[in-house]
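K.L.:
Dumping the structure here so I can ask a few things about it.
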Amino acid sequence: MTEIKEVEHTPNDTTSSDAPPPIPVDRFWIQKLLQKHPNPNARRMDKALVVAPMVDQSDLPFRLLCRKYGSNLCFTPMIHSRLLLETEAYRKKFFTTDFDRPIIAQLCGSEPDTVLKAAKLLEPYVDGIDINCGCPQGIARRGNYGAYLLEQEDTLLTLVKHLVKHLKVPLSVKVRLLPKPSIPTSTTVAADGAAPENEFDIPKASLSLYSKLVDAGIHLLTIHGRTRKQKGPETGQTDWKTIRKAVDLFGDRIPIFANGSIQEFDDVDECLNVTNADGVMSSESVLEYPPLFKSPPLFYKIPQTPVRTVGRVQLAEEYMELAKQHPPNEGGQGSGLKCMRVHLHRFLHADLQGDIELRKLLVQTKTLEALEVALANCKKWHGNTNHDVASESLSWYVRHQAGDDDGDDKGETKEEATNVGEGAPADEETDVDQGMENAACLFGGEEKGDY
């Protein structure tokens, strides 16, 4: 276990004309990385099966659980560049292990030197650095990062070129589709009723920006096929066709991952077939059910079919054991007990809808012991009711599809929702000491919507 140490950087570190040339772009570097760190549990050995960067939720114990069930590449939670540099308490949340590989660290920020210095702290311990250009939340707008950078082309390209020039590991960018501007680009309608020639074209504009990112020297592009405005009840389906166009245009130069609309076991293969991407990234689905990436019986001792063989209580128990071995707040990139509550809430979401007392016990607990009692009560209830694991299906993932306009649980209070990470994100300037107990403060807000 290695704690991330602060490193002093002088101006010459980033501006010297004697600096080594950027590392070359290798179209096959992801395949080589998967071969270097093989996961025999993965259902595909030729494609990346990726756990997305999720604020306070892609913590170390959760990543280890996902690797057990077939993920062969993980991203860290989003790391706030400025806080990593300025705050020792924040920096202590991060460490490296040689058993959690391959791993890509995601950073947020827009100021080139700040992001570079943060990347240099992480560079010796990870397999790549990713820039967050996908977060659609308001705190990302206030902090000038995430999906809002996509609408600031000059700022984004300046940042990318600065990092490419100085990093010694591959640079990745996670993007969304560009949204239509708030002010229409044209109000003129053609005589034949067709759309005006200069009307904003989301796929065309997005692909144009991606082309510039590739030309700037990035080594990996992850495309979430939705705009930042597609979230909550307005999420909708992912545009896999535009991801396929990106693969056709740039896939001979860099690897490309597809992200979005990965709900069930079969969606992984369907997405790969439609997009021809080098990998599939999942966030909310794998968050509720990590065996999403588990291999079929030919490769793995636990059979995987569309019918579940691993239940949600078992997953919750396994996560809790890993969290006790690798506490999220002690180098595991999470907020401790709150991080654990969030995971149990996701795993057991279906059970919480019908048991108000269990939900209160889970989301309001302040101790690890009480959290274990809540899990034990849920397991006992499953036993008493002859619960059938094969009948389980996703619950939290489909909450918006079920017509919950606010995305909250049935009967769940706003206070309870906030306790498990569903509340509005705190401002990034919130006091860091308070932030040690509130993941939204530490990581910049929950990145919902990357389904």
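Chain labels A, B, ... are given in the sequence in which chains occur in the structure tokens; within each chain residues are numbered consecutively from 1, and ligands are likewise numbered from 1 in the order shown.
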Mind checking which residues fall within 8 Å of segment 51-67 of chain A, counting only C-alpha atoms, ignoring those fewer than 3 positions away in the same chain, and posting them as a ChimeraX atom specification?
P.N.:
/A:39,41,70-78,100,106,281-283,286-287,290-291,318-319,322-323,326-328,332-335,339,342-343,439-440,443-447
K.L.:
Kindly provide the residues of segment 237-271 of chain A that approach segment 379-402 of chain A to within 12 Å, each paired with its closest atom pair and their distance in Å to one decimal, based on only C-alpha atoms, listed by chain and increasing number, as CSV.
P.N.:
```
residue,atom,partner,partner_atom,distance
A:Gln237,CA,A:Gln401,CA,10.9
A:Gly260,CA,A:Tyr397,CA,11.9
A:Ser261,CA,A:Tyr397,CA,10.3
A:Ile262,CA,A:Tyr397,CA,10.1
A:Gln263,CA,A:Tyr397,CA,7.7
A:Glu264,CA,A:Leu394,CA,8.4
A:Phe265,CA,A:Ser393,CA,11.2
```
K.L.:
Next, the residues of the selection above should be written as a PDB file, in the first residue's frame with N, CA and C atoms.
P.N.:
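What ended up in out_12.pdb:
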```pdb
ATOM      1  N   GLN A 237     -32.763   6.982 -24.136  1.00  0.00           N
ATOM      2  CA  GLN A 237     -31.839   5.978 -24.615  1.00  0.00           C
ATOM      3  C   GLN A 237     -30.525   6.614 -25.080  1.00  0.00           C
ATOM      4  N   GLY A 260     -23.361   3.910 -21.648  1.00  0.00           N
ATOM      5  CA  GLY A 260     -24.765   4.279 -21.625  1.00  0.00           C
ATOM      6  C   GLY A 260     -25.691   3.172 -22.086  1.00  0.00           C
ATOM      7  N   SER A 261     -26.847   3.042 -21.405  1.00  0.00           N
ATOM      8  CA  SER A 261     -27.895   2.062 -21.731  1.00  0.00           C
ATOM      9  C   SER A 261     -27.418   0.622 -21.601  1.00  0.00           C
ATOM     10  N   ILE A 262     -26.539   0.372 -20.649  1.00  0.00           N
ATOM     11  CA  ILE A 262     -26.126  -0.994 -20.332  1.00  0.00           C
ATOM     12  C   ILE A 262     -26.921  -1.414 -19.108  1.00  0.00           C
ATOM     13  N   GLN A 263     -28.038  -2.075 -19.342  1.00  0.00           N
ATOM     14  CA  GLN A 263     -28.935  -2.422 -18.244  1.00  0.00           C
ATOM     15  C   GLN A 263     -28.823  -3.882 -17.841  1.00  0.00           C
ATOM     16  N   GLU A 264     -28.757  -4.780 -18.808  1.00  0.00           N
ATOM     17  CA  GLU A 264     -28.771  -6.202 -18.524  1.00  0.00           C
ATOM     18  C   GLU A 264     -27.549  -6.894 -19.116  1.00  0.00           C
ATOM     19  N   PHE A 265     -27.428  -8.159 -18.815  1.00  0.00           N
ATOM     20  CA  PHE A 265     -26.317  -8.994 -19.270  1.00  0.00           C
ATOM     21  C   PHE A 265     -26.144  -8.920 -20.785  1.00  0.00           C
TER      22      PHE A 265
END
```
K.L.:
Mind checking which residues fall within 12 Å of His162 of chain A, counting only C-alpha atoms, ignoring those fewer than 6 positions away in the same chain, and posting them as a count of residues only?
P.N.:
18
K.L.:
Find the residue from A:Thr87, A:Thr367, A:Ile129, A:Cys271 that sits nearest to Lys338 of chain A; use only C-alpha atoms when measuring.
P.N.:
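Closest candidate: A:Thr367.
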K.L.:
With distances taken over only C-alpha atoms, which of A:Val373, A:Ile79, A:Ala89, A:Leu358 is nearest to Glu330 of chain A?
P.N.:
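Result for the nearest residue to Glu330 of chain A: A:Ala89.
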K.L.:
From the list A:Ala140, A:Leu49, A:Ile254, A:Tyr289, which residue is nearest Gln314 of chain A when using only C-alpha atoms?
P.N.:
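With only C-alpha atoms as the atom set, the closest residue is A:Tyr289.
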K.L.:
Hey, can you check how far atom CA of Thr365 of chain A sits from atom CA of Ser285 of chain A?
P.N.:
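Distance reported for this atom pair: 25.0 Å.
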K.L.:
Using DSSP on the backbone coordinates, identify all residues within segment 221-254 of chain A classified as alpha helix (DSSP H); present the result as a list of chain:residue names.
P.N.:
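So, restricting segment 221-254 of chain A to alpha helix (DSSP H), we get A:Trp240, A:Lys241, A:Thr242, A:Ile243, A:Arg244, A:Lys245, A:Ala246, A:Val247, A:Asp248, A:Leu249, A:Phe250.
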K.L.:
A:Asp98, A:Asp154, A:Asp127, A:Asp355: which is nearest Lys212 of chain A, counting only C-alpha atoms?
P.N.:
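Checking each candidate against Lys212 of chain A, we get A:Asp154 as the closest.
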K.L.:
What does the distance between atom CA of His345 of chain A and atom CA of Arg312 of chain A come to in Å, to one decimal place?
P.N.:
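Value for the atom CA of His345 of chain A-atom CA of Arg312 of chain A distance: 10.6 Å.
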K.L.:
Any idea what's packed within 10 Å of Val214 of chain A, counting only C-alpha atoms, ignoring anything in its chain fewer than 3 positions away? Could you give it as a list in words?
P.N.:
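Close residues of Val214 of chain A: Val25, Val160, Val173, Leu209, Tyr210, Ser211, Gly217, Ile218, His219, Leu220, Leu221, Phe250, Arg253 and Ile254 of chain A.
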K.L.:
Of the residues A:Glu288, A:Leu107, A:Lys241, A:Phe293, which is the one nearest to Pro40 of chain A, using only C-alpha atoms?
P.N.:
A:Phe293
K.L.:
Please return, as a ChimeraX atom specification, all residues of segment 8-203 of chain A that DSSP assigns to strand (DSSP E) on the basis of the backbone.
P.N.:
/A:48-51,73-75,79-80,95-96,103-108,128-133,171-177
K.L.:
Nearest to Tyr145 of chain A: which of A:Cys378, A:Leu159, A:Leu213, A:Ala350 is it, counting only C-alpha atoms?
P.N.:
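The shortest atom-to-atom distance to Tyr145 of chain A comes from A:Leu159.
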K.L.:
Expressed in Å to a single decimal, how great is the separation between atom CA of Asp266 of chain A and atom CA of Gln31 of chain A?
P.N.:
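Interatomic distance, atom CA of Asp266 of chain A to atom CA of Gln31 of chain A: 22.3 Å.
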